[in-house]
file input_2.pdb (PDB, C-alpha atoms)
ATOM      1  CA  MET A 332     102.413 100.043  88.189
ATOM      2  CA  ASP A 333      99.014 100.259  86.544
ATOM      3  CA  LEU A 334      97.551 102.341  89.332
ATOM      4  CA  ILE A 335     100.454 104.773  89.109
ATOM      5  CA  ASN A 336      99.740 105.274  85.432
ATOM      6  CA  ILE A 337      96.056 105.835  86.124
ATOM      7  CA  ALA A 338      96.978 108.439  88.709
ATOM      8  CA  ALA A 339      99.560 110.128  86.512
ATOM      9  CA  GLU A 340      97.329 110.171  83.442
ATOM     10  CA  SER A 341      94.571 111.856  85.375
ATOM     11  CA  ALA A 342      96.912 114.625  86.468
ATOM     12  CA  VAL A 343      99.224 115.128  83.481
ATOM     13  CA  GLU A 344      97.978 115.944  80.034
ATOM     14  CA  LYS A 345      99.466 113.635  77.431
ATOM     15  CA  ARG A 346     100.141 115.587  74.273
ATOM     16  CA  GLU A 347     101.310 114.546  70.851
ATOM     17  CA  MET A 348     105.056 115.143  70.685
ATOM     18  CA  PRO A 349     107.295 114.678  67.639
ATOM     19  CA  ALA A 350     109.383 111.514  67.701
ATOM     20  CA  PHE A 351     113.007 112.502  68.170
ATOM     21  CA  LYS A 352     116.001 110.723  69.579
ATOM     22  CA  ALA A 353     119.607 111.239  70.615
ATOM     23  CA  GLY A 354     121.652 112.984  67.923
ATOM     24  CA  ASP A 355     118.764 115.028  66.552
ATOM     25  CA  THR A 356     118.912 118.806  66.629
ATOM     26  CA  VAL A 357     115.735 120.275  68.078
ATOM     27  CA  THR A 358     114.325 123.659  69.012
ATOM     28  CA  VAL A 359     112.304 123.709  72.221
ATOM     29  CA  PHE A 360     109.795 126.537  72.504
ATOM     30  CA  TYR A 361     109.602 127.119  76.239
ATOM     31  CA  LYS A 362     107.092 129.410  77.918
ATOM     32  CA  ILE A 363     108.606 131.858  80.366
ATOM     33  CA  LYS A 364     106.744 134.124  82.751
ATOM     34  CA  GLU A 365     108.166 137.607  83.266
ATOM     35  CA  GLY A 366     106.039 139.458  85.767
ATOM     36  CA  ASN A 367     102.569 139.143  84.323
ATOM     37  CA  LYS A 368     103.663 138.664  80.752
ATOM     38  CA  GLU A 369     104.307 135.297  79.220
ATOM     39  CA  ARG A 370     106.645 134.856  76.300
ATOM     40  CA  VAL A 371     108.123 131.922  74.456
ATOM     41  CA  GLN A 372     111.856 131.319  74.539
ATOM     42  CA  GLN A 373     113.656 129.185  72.024
ATOM     43  CA  TYR A 374     116.350 126.742  73.006
ATOM     44  CA  GLN A 375     118.138 124.956  70.207
ATOM     45  CA  GLY A 376     120.609 122.157  70.579
ATOM     46  CA  VAL A 377     121.494 118.506  70.173
ATOM     47  CA  VAL A 378     119.495 115.889  72.067
ATOM     48  CA  LEU A 379     121.918 113.954  74.275
ATOM     49  CA  GLN A 380     119.480 111.437  75.676
ATOM     50  CA  ARG A 381     115.907 110.578  76.439
ATOM     51  CA  LYS A 382     115.370 109.248  79.909
ATOM     52  CA  GLY A 383     112.536 107.552  81.786
ATOM     53  CA  SER A 384     109.234 106.333  80.479
ATOM     54  CA  GLY A 385     105.628 107.356  80.258
ATOM     55  CA  LEU A 386     104.494 110.719  81.499
ATOM     56  CA  THR A 387     107.565 111.448  83.599
ATOM     57  CA  GLN A 388     110.075 111.052  80.808
ATOM     58  CA  THR A 389     112.691 113.737  80.202
ATOM     59  CA  PHE A 390     115.196 114.687  77.540
ATOM     60  CA  THR A 391     118.501 116.538  77.641
ATOM     61  CA  VAL A 392     119.444 119.184  75.096
ATOM     62  CA  ARG A 393     123.034 120.416  74.770
ATOM     63  CA  LYS A 394     124.174 123.539  73.028
ATOM     64  CA  ILE A 395     127.285 125.679  72.947
ATOM     65  CA  SER A 396     126.505 129.152  74.216
ATOM     66  CA  ASN A 397     129.288 131.763  74.003
ATOM     67  CA  GLY A 398     131.853 128.974  73.895
ATOM     68  CA  VAL A 399     130.462 127.279  77.012
ATOM     69  CA  GLY A 400     128.572 124.020  76.820
ATOM     70  CA  VAL A 401     125.066 124.277  78.286
ATOM     71  CA  GLU A 402     122.794 121.325  78.973
ATOM     72  CA  ARG A 403     119.149 121.612  79.855
ATOM     73  CA  ILE A 404     116.828 118.843  80.960
ATOM     74  CA  PHE A 405     113.174 119.156  79.985
ATOM     75  CA  PRO A 406     110.283 116.993  81.180
ATOM     76  CA  LEU A 407     108.709 115.880  77.891
ATOM     77  CA  TYR A 408     105.104 116.519  78.916
ATOM     78  CA  SER A 409     105.753 119.745  80.801
ATOM     79  CA  PRO A 410     102.927 122.217  80.203
ATOM     80  CA  LYS A 411     105.612 124.893  79.868
ATOM     81  CA  ILE A 412     106.808 123.407  76.595
ATOM     82  CA  ASP A 413     104.886 125.148  73.864
ATOM     83  CA  ARG A 414     106.156 122.923  71.070
ATOM     84  CA  ILE A 415     109.232 121.035  69.898
ATOM     85  CA  VAL A 416     110.537 121.378  66.354
ATOM     86  CA  ILE A 417     113.019 118.933  64.861
ATOM     87  CA  ASP A 418     115.594 120.805  62.807
ATOM     88  CA  LYS A 419     117.908 117.983  61.817
ATOM     89  CA  ARG A 420     117.954 114.226  62.147
ATOM     90  CA  GLY A 421     121.404 112.965  63.110
ATOM     91  CA  ILE A 422     123.028 109.590  62.655
ATOM     92  CA  VAL A 423     124.517 108.304  65.907
ATOM     93  CA  ARG A 424     125.215 104.778  67.085
ATOM     94  CA  ARG A 425     124.272 105.260  70.718
ATOM     95  CA  ALA A 426     121.067 106.052  72.603
ATOM     96  CA  ARG A 427     123.002 108.367  74.935
ATOM     97  CA  ILE A 428     125.723 110.377  73.269
ATOM     98  CA  TYR A 429     127.667 111.549  76.310
ATOM     99  CA  TYR A 430     130.885 111.445  74.244
ATOM    100  CA  LEU A 431     129.765 114.738  72.739
ATOM    101  CA  ARG A 432     130.741 116.459  76.006
ATOM    102  CA  ASP A 433     134.397 115.621  75.542
ATOM    103  CA  ILE A 434     134.781 116.828  71.978
ATOM    104  CA  SER A 435     134.383 120.252  70.482
ATOM    105  CA  GLY A 436     134.665 122.107  67.191
ATOM    106  CA  LYS A 437     134.766 120.128  63.987
ATOM    107  CA  LYS A 438     134.889 116.838  65.813
ATOM    108  CA  ALA A 439     131.566 117.497  67.479
ATOM    109  CA  ARG A 440     129.668 117.457  64.213
ATOM    110  CA  ILE A 441     126.956 114.849  63.778
ATOM    111  CA  GLU A 442     126.312 113.333  60.372
ATOM    112  CA  GLU A 443     122.894 114.249  59.061
ATOM    113  CA  LYS A 444     120.367 111.668  57.974
ATOM    114  CA  LYS A 445     119.344 112.088  54.344
ATOM    115  CA  SER A 446     115.793 111.188  53.582
TER     116      SER A 446
ATOM    117  CA  MET B1194      89.922 113.179 124.911
ATOM    118  CA  ASP B1195      86.760 113.721 126.876
ATOM    119  CA  PRO B1196      84.570 110.664 126.394
ATOM    120  CA  SER B1197      81.441 112.532 127.453
ATOM    121  CA  ILE B1198      81.437 114.535 124.203
ATOM    122  CA  PRO B1199      79.404 112.673 121.580
ATOM    123  CA  LEU B1200      81.170 111.236 118.588
ATOM    124  CA  THR B1201      79.868 113.841 116.204
ATOM    125  CA  LEU B1202      81.191 116.814 118.134
ATOM    126  CA  LYS B1203      84.770 115.863 118.776
ATOM    127  CA  ILE B1204      87.500 118.065 117.441
ATOM    128  CA  ASN B1205      91.271 117.760 117.406
ATOM    129  CA  THR B1206      91.013 114.048 116.798
ATOM    130  CA  MET B1207      91.277 112.616 113.381
ATOM    131  CA  SER B1208      89.291 110.565 110.961
ATOM    132  CA  GLY B1209      91.282 108.369 108.664
ATOM    133  CA  ILE B1210      91.509 105.464 106.340
ATOM    134  CA  ILE B1211      93.732 102.440 105.757
ATOM    135  CA  GLY B1212      95.520 102.268 102.434
ATOM    136  CA  LYS B1213      98.361 100.896 100.459
ATOM    137  CA  LYS B1214     101.343 102.749  99.045
ATOM    138  CA  VAL B1215     101.273 102.332  95.290
ATOM    139  CA  GLY B1216     104.425 104.247  94.397
ATOM    140  CA  MET B1217     105.825 107.592  93.434
ATOM    141  CA  THR B1218     105.466 109.685  90.325
ATOM    142  CA  SER B1219     105.483 113.354  89.506
ATOM    143  CA  ILE B1220     102.839 115.694  88.204
ATOM    144  CA  PHE B1221     102.753 119.329  87.123
ATOM    145  CA  ASP B1222     101.067 122.048  89.157
ATOM    146  CA  THR B1223      99.259 125.056  87.715
ATOM    147  CA  ASP B1224     102.525 126.981  87.323
ATOM    148  CA  GLY B1225     103.986 124.120  85.299
ATOM    149  CA  LYS B1226     106.308 123.122  88.125
ATOM    150  CA  GLN B1227     107.039 119.435  88.428
ATOM    151  CA  ILE B1228     106.182 118.188  91.925
ATOM    152  CA  PRO B1229     107.043 114.773  93.380
ATOM    153  CA  CYS B1230     103.996 112.839  94.525
ATOM    154  CA  THR B1231     103.049 109.541  96.109
ATOM    155  CA  VAL B1232     100.044 107.572  94.944
ATOM    156  CA  ILE B1233      98.099 105.845  97.715
ATOM    157  CA  LEU B1234      95.326 103.333  97.205
ATOM    158  CA  ALA B1235      93.047 104.514 100.015
ATOM    159  CA  GLY B1236      90.281 102.089 100.784
ATOM    160  CA  PRO B1237      87.641 100.941 100.267
ATOM    161  CA  CYS B1238      87.506 100.142 103.971
ATOM    162  CA  THR B1239      84.595  98.399 105.642
ATOM    163  CA  VAL B1240      83.278  99.472 109.022
ATOM    164  CA  THR B1241      83.520  96.296 111.096
ATOM    165  CA  GLN B1242      82.783  97.638 114.538
ATOM    166  CA  ILE B1243      81.600 100.770 116.288
ATOM    167  CA  ARG B1244      83.056 101.118 119.748
ATOM    168  CA  THR B1245      80.956 103.112 122.153
ATOM    169  CA  LYS B1246      81.408 104.740 125.507
ATOM    170  CA  GLU B1247      78.731 102.500 127.038
ATOM    171  CA  LYS B1248      80.270  99.229 125.961
ATOM    172  CA  GLU B1249      84.017  99.699 125.472
ATOM    173  CA  GLY B1250      84.554 102.912 127.397
ATOM    174  CA  TYR B1251      85.516 105.045 124.411
ATOM    175  CA  HIS B1252      84.232 106.043 121.015
ATOM    176  CA  ALA B1253      85.918 104.681 117.914
ATOM    177  CA  VAL B1254      85.246 103.286 114.480
ATOM    178  CA  GLN B1255      86.971 100.096 113.428
ATOM    179  CA  LEU B1256      87.873  99.843 109.749
ATOM    180  CA  ALA B1257      89.026  96.806 107.776
ATOM    181  CA  PHE B1258      91.035  96.859 104.549
ATOM    182  CA  GLY B1259      92.365  94.359 101.997
ATOM    183  CA  ASP B1260      90.859  90.975 101.235
ATOM    184  CA  LYS B1261      92.366  87.716 102.369
ATOM    185  CA  LYS B1262      91.440  84.090 101.942
ATOM    186  CA  GLU B1263      89.083  82.195 104.204
ATOM    187  CA  LYS B1264      91.761  79.586 104.915
ATOM    188  CA  HIS B1265      94.041  82.224 106.410
ATOM    189  CA  THR B1266      91.347  83.419 108.797
ATOM    190  CA  SER B1267      90.832  82.088 112.281
ATOM    191  CA  ARG B1268      87.286  81.202 113.329
ATOM    192  CA  ALA B1269      87.193  84.007 115.847
ATOM    193  CA  GLU B1270      88.161  86.494 113.155
ATOM    194  CA  ALA B1271      85.675  85.040 110.683
ATOM    195  CA  GLY B1272      82.890  85.491 113.224
ATOM    196  CA  HIS B1273      83.887  89.105 113.734
ATOM    197  CA  PHE B1274      83.705  89.831 110.020
ATOM    198  CA  ARG B1275      80.385  88.015 109.705
ATOM    199  CA  LYS B1276      78.814  90.553 112.059
ATOM    200  CA  SER B1277      79.361  93.307 109.506
ATOM    201  CA  ASN B1278      78.543  91.089 106.501
ATOM    202  CA  THR B1279      81.999  91.300 104.922
ATOM    203  CA  GLY B1280      84.615  88.793 103.854
ATOM    204  CA  PRO B1281      87.851  88.341 105.794
ATOM    205  CA  LYS B1282      90.181  91.340 105.689
ATOM    206  CA  ARG B1283      93.905  91.699 106.244
ATOM    207  CA  LYS B1284      94.171  94.866 108.257
ATOM    208  CA  LEU B1285      92.039  96.184 111.106
ATOM    209  CA  MET B1286      92.440  99.628 112.621
ATOM    210  CA  GLU B1287      90.532 101.853 114.982
ATOM    211  CA  PHE B1288      89.985 105.533 114.381
ATOM    212  CA  ARG B1289      88.966 107.669 117.299
ATOM    213  CA  SER B1290      86.923 110.263 115.513
ATOM    214  CA  PHE B1291      84.887 110.484 112.377
ATOM    215  CA  PRO B1292      82.874 113.614 111.559
ATOM    216  CA  GLU B1293      79.775 111.413 111.813
ATOM    217  CA  ALA B1294      79.545 107.827 112.914
ATOM    218  CA  PRO B1295      79.218 105.558 109.870
ATOM    219  CA  GLU B1296      77.019 102.488 109.887
ATOM    220  CA  MET B1297      78.237  98.969 110.512
ATOM    221  CA  GLY B1298      79.190  97.294 107.246
ATOM    222  CA  SER B1299      79.239 100.540 105.287
ATOM    223  CA  GLU B1300      82.264 101.500 103.219
ATOM    224  CA  VAL B1301      84.697 104.345 103.800
ATOM    225  CA  LYS B1302      86.353 105.456 100.595
ATOM    226  CA  ALA B1303      88.987 107.855  99.344
ATOM    227  CA  ASP B1304      86.371 110.597  98.926
ATOM    228  CA  LEU B1305      86.755 111.155 102.658
ATOM    229  CA  PHE B1306      89.549 113.475 101.531
ATOM    230  CA  ALA B1307      89.475 116.401  99.144
ATOM    231  CA  ALA B1308      92.202 118.107  97.175
ATOM    232  CA  GLY B1309      93.915 120.731  99.317
ATOM    233  CA  ASP B1310      93.525 118.816 102.583
ATOM    234  CA  PHE B1311      96.560 118.234 104.730
ATOM    235  CA  VAL B1312      96.979 114.652 105.900
ATOM    236  CA  ASP B1313      99.301 112.657 108.133
ATOM    237  CA  VAL B1314     100.537 109.375 106.714
ATOM    238  CA  THR B1315     101.815 106.582 108.954
ATOM    239  CA  GLY B1316     103.685 103.554 107.694
ATOM    240  CA  THR B1317     106.549 101.177 108.393
ATOM    241  CA  SER B1318     109.787 102.583 107.014
ATOM    242  CA  LYS B1319     112.073 100.552 104.788
ATOM    243  CA  GLY B1320     114.417  98.355 106.816
ATOM    244  CA  LYS B1321     118.112  99.102 106.410
ATOM    245  CA  GLY B1322     119.457  96.351 108.669
ATOM    246  CA  PHE B1323     122.249  96.791 111.248
ATOM    247  CA  GLN B1324     123.977 100.039 110.372
ATOM    248  CA  GLY B1325     126.964 101.886 111.776
ATOM    249  CA  VAL B1326     126.875 105.366 113.270
ATOM    250  CA  VAL B1327     127.886 107.137 110.065
ATOM    251  CA  ARG B1328     124.847 105.896 108.191
ATOM    252  CA  ARG B1329     122.456 105.748 111.140
ATOM    253  CA  HIS B1330     123.201 108.993 112.969
ATOM    254  CA  HIS B1331     125.181 110.950 110.359
ATOM    255  CA  PHE B1332     128.415 110.889 112.372
ATOM    256  CA  SER B1333     131.315 112.130 110.316
ATOM    257  CA  GLY B1334     133.717 109.307 111.135
ATOM    258  CA  VAL B1335     137.063 109.632 112.834
ATOM    259  CA  GLY B1336     139.949 111.834 111.860
ATOM    260  CA  MET B1337     142.083 111.539 108.813
ATOM    261  CA  GLN B1338     142.817 108.831 106.329
ATOM    262  CA  THR B1339     146.585 109.237 106.688
ATOM    263  CA  HIS B1340     148.942 109.646 109.679
ATOM    264  CA  GLY B1341     148.894 105.983 110.545
ATOM    265  CA  GLN B1342     145.146 105.521 110.686
ATOM    266  CA  HIS B1343     143.919 102.593 108.708
ATOM    267  CA  ASN B1344     140.796 101.054 110.191
ATOM    268  CA  ARG B1345     138.908 103.753 112.066
ATOM    269  CA  LEU B1346     137.400 105.820 109.279
ATOM    270  CA  ARG B1347     133.761 105.099 110.149
ATOM    271  CA  ALA B1348     134.208 104.544 113.913
ATOM    272  CA  PRO B1349     132.113 106.487 116.456
ATOM    273  CA  GLY B1350     135.127 107.797 118.441
ATOM    274  CA  SER B1351     134.878 108.434 122.152
ATOM    275  CA  ARG B1352     131.701 107.346 123.941
ATOM    276  CA  GLY B1353     132.317 109.401 127.068
ATOM    277  CA  ALA B1354     134.685 110.013 129.975
ATOM    278  CA  SER B1355     136.686 107.341 131.815
ATOM    279  CA  SER B1356     136.619 106.769 135.583
ATOM    280  CA  TYR B1357     133.669 109.055 136.040
ATOM    281  CA  PRO B1358     131.009 107.924 135.166
ATOM    282  CA  SER B1359     132.674 104.576 134.329
ATOM    283  CA  ARG B1360     129.792 103.637 132.095
ATOM    284  CA  VAL B1361     128.210 104.643 128.813
ATOM    285  CA  LEU B1362     125.431 107.156 129.354
ATOM    286  CA  LYS B1363     121.910 106.128 128.458
ATOM    287  CA  GLY B1364     120.681 107.308 125.100
ATOM    288  CA  MET B1365     124.182 107.324 123.561
ATOM    289  CA  ARG B1366     123.805 107.043 119.821
ATOM    290  CA  THR B1367     125.366 103.811 118.647
ATOM    291  CA  ALA B1368     125.254 101.362 115.770
ATOM    292  CA  GLY B1369     122.178  99.168 115.483
ATOM    293  CA  GLN B1370     119.037  98.343 113.573
ATOM    294  CA  MET B1371     117.989 101.123 111.249
ATOM    295  CA  GLY B1372     114.587 101.477 109.640
ATOM    296  CA  ALA B1373     111.602  99.131 109.702
ATOM    297  CA  THR B1374     109.994 101.271 112.386
ATOM    298  CA  ARG B1375     106.674 103.045 112.524
ATOM    299  CA  VAL B1376     107.023 106.498 111.022
ATOM    300  CA  LYS B1377     104.495 109.271 110.669
ATOM    301  CA  ILE B1378     104.886 112.031 108.121
ATOM    302  CA  GLN B1379     102.786 115.067 108.987
ATOM    303  CA  ASN B1380     101.078 117.676 106.846
ATOM    304  CA  LEU B1381     101.282 116.199 103.381
ATOM    305  CA  GLU B1382      99.097 118.045 100.939
ATOM    306  CA  VAL B1383      96.484 116.088  99.015
ATOM    307  CA  VAL B1384      96.980 117.119  95.411
ATOM    308  CA  LYS B1385      94.234 115.078  93.865
ATOM    309  CA  VAL B1386      91.578 112.501  94.733
ATOM    310  CA  ILE B1387      90.480 110.001  92.113
ATOM    311  CA  ALA B1388      87.307 108.785  93.771
ATOM    312  CA  ASP B1389      86.275 106.048  91.355
ATOM    313  CA  GLN B1390      89.649 104.301  91.694
ATOM    314  CA  ASN B1391      90.061 105.174  95.393
ATOM    315  CA  LEU B1392      93.394 106.815  94.667
ATOM    316  CA  LEU B1393      94.957 109.671  96.575
ATOM    317  CA  ILE B1394      97.829 111.698  95.195
ATOM    318  CA  VAL B1395      99.768 113.379  98.001
ATOM    319  CA  LYS B1396     102.704 115.737  97.675
ATOM    320  CA  GLY B1397     105.992 114.317  98.876
ATOM    321  CA  ALA B1398     107.210 110.948 100.085
ATOM    322  CA  VAL B1399     105.523 108.403 102.331
ATOM    323  CA  PRO B1400     107.302 105.824 104.543
ATOM    324  CA  GLY B1401     107.635 102.220 103.449
ATOM    325  CA  HIS B1402     107.947  99.999 100.431
ATOM    326  CA  ASN B1403     105.545 100.084  97.538
ATOM    327  CA  GLY B1404     102.619  97.849  98.434
ATOM    328  CA  SER B1405     102.958  98.318 102.180
ATOM    329  CA  PHE B1406     100.067  99.377 104.385
ATOM    330  CA  VAL B1407      99.752 103.029 105.329
ATOM    331  CA  ILE B1408      97.314 104.919 107.517
ATOM    332  CA  VAL B1409      96.098 108.241 106.169
ATOM    333  CA  GLU B1410      94.601 110.612 108.733
ATOM    334  CA  LYS B1411      93.231 114.085 108.458
TER     335      LYS B1411
END
call {"tool": "encode", "arguments": {"input": "input_2.pdb", "output": "structure tokens"}}
result
Amino acid sequence: MDLINIAAESAVEKREMPAFKAGDTVTVFYKIKEGNKERVQQYQGVVLQRKGSGLTQTFTVRKISNGVGVERIFPLYSPKIDRIVIDKRGIVRRARIYYLRDISGKKARIEEKKS
Amino acid sequence: MDPSIPLTLKINTMSGIIGKKVGMTSIFDTDGKQIPCTVILAGPCTVTQIRTKEKEGYHAVQLAFGDKKEKHTSRAEAGHFRKSNTGPKRKLMEFRSFPEAPEMGSEVKADLFAAGDFVDVTGTSKGKGFQGVVRRHHFSGVGMQTHGQHNRLRAPGSRGASSYPSRVLKGMRTAGQMGATRVKIQNLEVVKVIADQNLLIVKGAVPGHNGSFVIVEK
């Protein structure tokens, strides 16, 4: 396991990422290449889960786009992620809030953490 | 291979190294794409013998990899390792061609390879035990689940005609042991070489369990 980490650390740049968890609402600034131009696209939604460990870990963001649920999985240390901004901290009781897929509208609200 | 060509001039044969599969991970390429990779601990291997045309009838370099204890070494083996001034090793392999013949007792390391090289990796695949034809040969099973059938879902079906030839033809795919065989994966790209740790990162999967021996050739 140690040797894998040595190998991975030499190849993947470990950046400082904000600490977020399931239930939080985040905006992911994702770099997109169009022809020769590069621009940054924003993707805002609720974090469903964080998965894996170390440099290969991923997170899933769900949003409702035009009435259709969309989920996107991002590798946390992908060089294509420009930055991640936490918009809201949510209170949930689970590390993986899959139940959010089955509810919609007012029921799908997540209580916000007051700090 | 023509044995009259000196060791340094041979082409189309491969130099290689013995290593150990460490495991899989993924890294990002320059486009930001995530690519699956295998990490291999390649070497350090010690040159324990140089086989020559004059003595053995062919040219080769014998490499040894992985330490083992003295008490697990036979006296004959111990004497062989003493000749190259190394301790007992677990794995011995011969490689038919190196770009230049290394010296006895010298070390061959992962820096034999460079990023961008294409290598062949040989290992022993994971054993799956005795498996039926559906798993082993991707048969699709027999017929339907209804209409009176109840115990033939994963059966092979017919194995051939009846009175002629009155036997099962040779090479018929049947159930049996699956895996745990020698497998070579060709043309894996070396993504990165970490020379001080003797680590190779190759693109794609490599046969065998983590920790099993593999042979990397280029």
call {"tool": "interface_residues", "arguments": {"input": "input_2.pdb", "of": "chain B", "to": "chain A", "cutoff": "8 Å", "atoms": "only C-alpha atoms", "output": "number ranges by chain"}}
result
B: 1215-1221, 1225, 1227, 1232, 1385, 1387, 1392, 1394
call {"tool": "atom_distance", "arguments": {"input": "input_2.pdb", "atom1": "atom CA of B:Lys1319", "atom2": "atom CA of B:Ile1233"}}
result
16.5 Å
call {"tool": "resolve_selection", "arguments": {"input": "input_2.pdb", "expression": "the PyMOL selection byres ((chain A and resi 347-359) around 10)", "output": "PyMOL selection string"}}
result
chain A and resi 344-346+360-362+371-381+390-394+405+407-408+412-429+431+440-444
call {"tool": "write_last_selection", "arguments": {"input": "input_2.pdb", "atoms": "C-alpha atoms", "output": "CSV table (one decimal), in the coordinates of the input"}}
result
chain,number,residue,atom,x,y,z
A,344,GLU,CA,98.0,115.9,80.0
A,345,LYS,CA,99.5,113.6,77.4
A,346,ARG,CA,100.1,115.6,74.3
A,360,PHE,CA,109.8,126.5,72.5
A,361,TYR,CA,109.6,127.1,76.2
A,362,LYS,CA,107.1,129.4,77.9
A,371,VAL,CA,108.1,131.9,74.5
A,372,GLN,CA,111.9,131.3,74.5
A,373,GLN,CA,113.7,129.2,72.0
A,374,TYR,CA,116.4,126.7,73.0
A,375,GLN,CA,118.1,125.0,70.2
A,376,GLY,CA,120.6,122.2,70.6
A,377,VAL,CA,121.5,118.5,70.2
A,378,VAL,CA,119.5,115.9,72.1
A,379,LEU,CA,121.9,114.0,74.3
A,380,GLN,CA,119.5,111.4,75.7
A,381,ARG,CA,115.9,110.6,76.4
A,390,PHE,CA,115.2,114.7,77.5
A,391,THR,CA,118.5,116.5,77.6
A,392,VAL,CA,119.4,119.2,75.1
A,393,ARG,CA,123.0,120.4,74.8
A,394,LYS,CA,124.2,123.5,73.0
A,405,PHE,CA,113.2,119.2,80.0
A,407,LEU,CA,108.7,115.9,77.9
A,408,TYR,CA,105.1,116.5,78.9
A,412,ILE,CA,106.8,123.4,76.6
A,413,ASP,CA,104.9,125.1,73.9
A,414,ARG,CA,106.2,122.9,71.1
A,415,ILE,CA,109.2,121.0,69.9
A,416,VAL,CA,110.5,121.4,66.4
A,417,ILE,CA,113.0,118.9,64.9
A,418,ASP,CA,115.6,120.8,62.8
A,419,LYS,CA,117.9,118.0,61.8
A,420,ARG,CA,118.0,114.2,62.1
A,421,GLY,CA,121.4,113.0,63.1
A,422,ILE,CA,123.0,109.6,62.7
A,423,VAL,CA,124.5,108.3,65.9
A,424,ARG,CA,125.2,104.8,67.1
A,425,ARG,CA,124.3,105.3,70.7
A,426,ALA,CA,121.1,106.1,72.6
A,427,ARG,CA,123.0,108.4,74.9
A,428,ILE,CA,125.7,110.4,73.3
A,429,TYR,CA,127.7,111.5,76.3
A,431,LEU,CA,129.8,114.7,72.7
A,440,ARG,CA,129.7,117.5,64.2
A,441,ILE,CA,127.0,114.8,63.8
A,442,GLU,CA,126.3,113.3,60.4
A,443,GLU,CA,122.9,114.2,59.1
A,444,LYS,CA,120.4,111.7,58.0
call {"tool": "atom_distance", "arguments": {"input": "input_2.pdb", "atom1": "atom CA of B:Asn1380", "atom2": "atom CA of B:Gly1309"}}
result
10.8 Å
call {"tool": "atom_distance", "arguments": {"input": "input_2.pdb", "atom1": "atom CA of B:Val1376", "atom2": "atom CA of B:Asp1389"}}
result
28.6 Å
call {"tool": "residues_around", "arguments": {"input": "input_2.pdb", "residues": "B:Met1286", "least_positions_apart": "5", "cutoff": "12 Å", "atoms": "only C-alpha atoms", "output": "compact mmCIF listing (two decimals) with C-alpha atoms, in the coordinates of the input"}}
result
# COMPACT_ATOMS: atom_id res chain seq x y z
CA SER B 1208 89.29 110.56 110.96
CA GLY B 1209 91.28 108.37 108.66
CA ILE B 1210 91.51 105.46 106.34
CA ILE B 1211 93.73 102.44 105.76
CA GLY B 1212 95.52 102.27 102.43
CA CYS B 1238 87.51 100.14 103.97
CA THR B 1239 84.60 98.40 105.64
CA VAL B 1240 83.28 99.47 109.02
CA THR B 1241 83.52 96.30 111.10
CA GLN B 1242 82.78 97.64 114.54
CA ILE B 1243 81.60 100.77 116.29
CA ARG B 1244 83.06 101.12 119.75
CA ALA B 1253 85.92 104.68 117.91
CA VAL B 1254 85.25 103.29 114.48
CA GLN B 1255 86.97 100.10 113.43
CA LEU B 1256 87.87 99.84 109.75
CA ALA B 1257 89.03 96.81 107.78
CA PHE B 1258 91.04 96.86 104.55
CA GLY B 1259 92.36 94.36 102.00
CA PHE B 1406 100.07 99.38 104.38
CA VAL B 1407 99.75 103.03 105.33
CA ILE B 1408 97.31 104.92 107.52
CA VAL B 1409 96.10 108.24 106.17
CA GLU B 1410 94.60 110.61 108.73
call {"tool": "closest_residue", "arguments": {"input": "input_2.pdb", "among": "B:Ala1368, B:Ala1308, B:Val1361, B:Ala1303", "to": "B:Arg1328", "atoms": "only C-alpha atoms"}}
result
B:Ala1368
call {"tool": "resolve_selection", "arguments": {"input": "input_2.pdb", "expression": "the PyMOL selection byres ((chain B and resi 1348) around 9)", "output": "MDAnalysis selection string"}}
result
chainID B and resid 1325:1327 1332:1335 1344:1347 1349:1350
call {"tool": "axis_aligned_box", "arguments": {"input": "input_2.pdb", "around": "stretch 1342-1352 of chain B", "padding_each_side": "3 Å", "output": "JSON"}}
result
{"center_x": 138.4, "center_y": 104.7, "center_z": 116.3, "size_x": 19.4, "size_y": 13.4, "size_z": 21.2}
call {"tool": "residues_around", "arguments": {"input": "input_2.pdb", "residues": "B:Gln1370", "least_positions_apart": "6", "cutoff": "8 Å", "atoms": "all atoms listed in the file", "output": "mmCIF file with C-alpha atoms, keeping the file's coordinate frame"}}
result
data_model
loop_
_atom_site.group_PDB
_atom_site.id
_atom_site.type_symbol
_atom_site.label_atom_id
_atom_site.label_comp_id
_atom_site.auth_asym_id
_atom_site.auth_seq_id
_atom_site.Cartn_x
_atom_site.Cartn_y
_atom_site.Cartn_z
ATOM 1 C CA LYS B 1321 118.112 99.102 106.410
ATOM 2 C CA GLY B 1322 119.457 96.351 108.669
ATOM 3 C CA PHE B 1323 122.249 96.791 111.248
ATOM 4 C CA GLN B 1324 123.977 100.039 110.372
#
call {"tool": "closest_residue", "arguments": {"input": "input_2.pdb", "among": "A:Arg432, A:Lys445, A:Ile363, A:Glu369", "to": "A:Val399", "atoms": "only C-alpha atoms"}}
result
A:Arg432
call {"tool": "resolve_selection", "arguments": {"input": "input_2.pdb", "expression": "the PyMOL selection byres ((chain B and resi 1397) around 6)", "output": "list in words"}}
result
Pro1229, Cys1230, Lys1396 and Ala1398 of chain B
call {"tool": "residues_around", "arguments": {"input": "input_2.pdb", "residues": "B:Asn1391", "least_positions_apart": "4", "cutoff": "7 Å", "atoms": "all atoms listed in the file", "output": "JSON, numbers by chain"}}
result
{"B": [1234, 1235, 1236, 1237, 1302, 1303, 1387]}
call {"tool": "closest_residue", "arguments": {"input": "input_2.pdb", "among": "B:Thr1245, B:Gln1390, B:Ser1405, B:Thr1339", "to": "B:Ser1318", "atoms": "only C-alpha atoms"}}
result
B:Ser1405
call {"tool": "closest_residue", "arguments": {"input": "input_2.pdb", "among": "B:His1343, B:Lys1261, B:Lys1363, B:Lys1214", "to": "B:Leu1393", "atoms": "all atoms listed in the file"}}
result
B:Lys1214
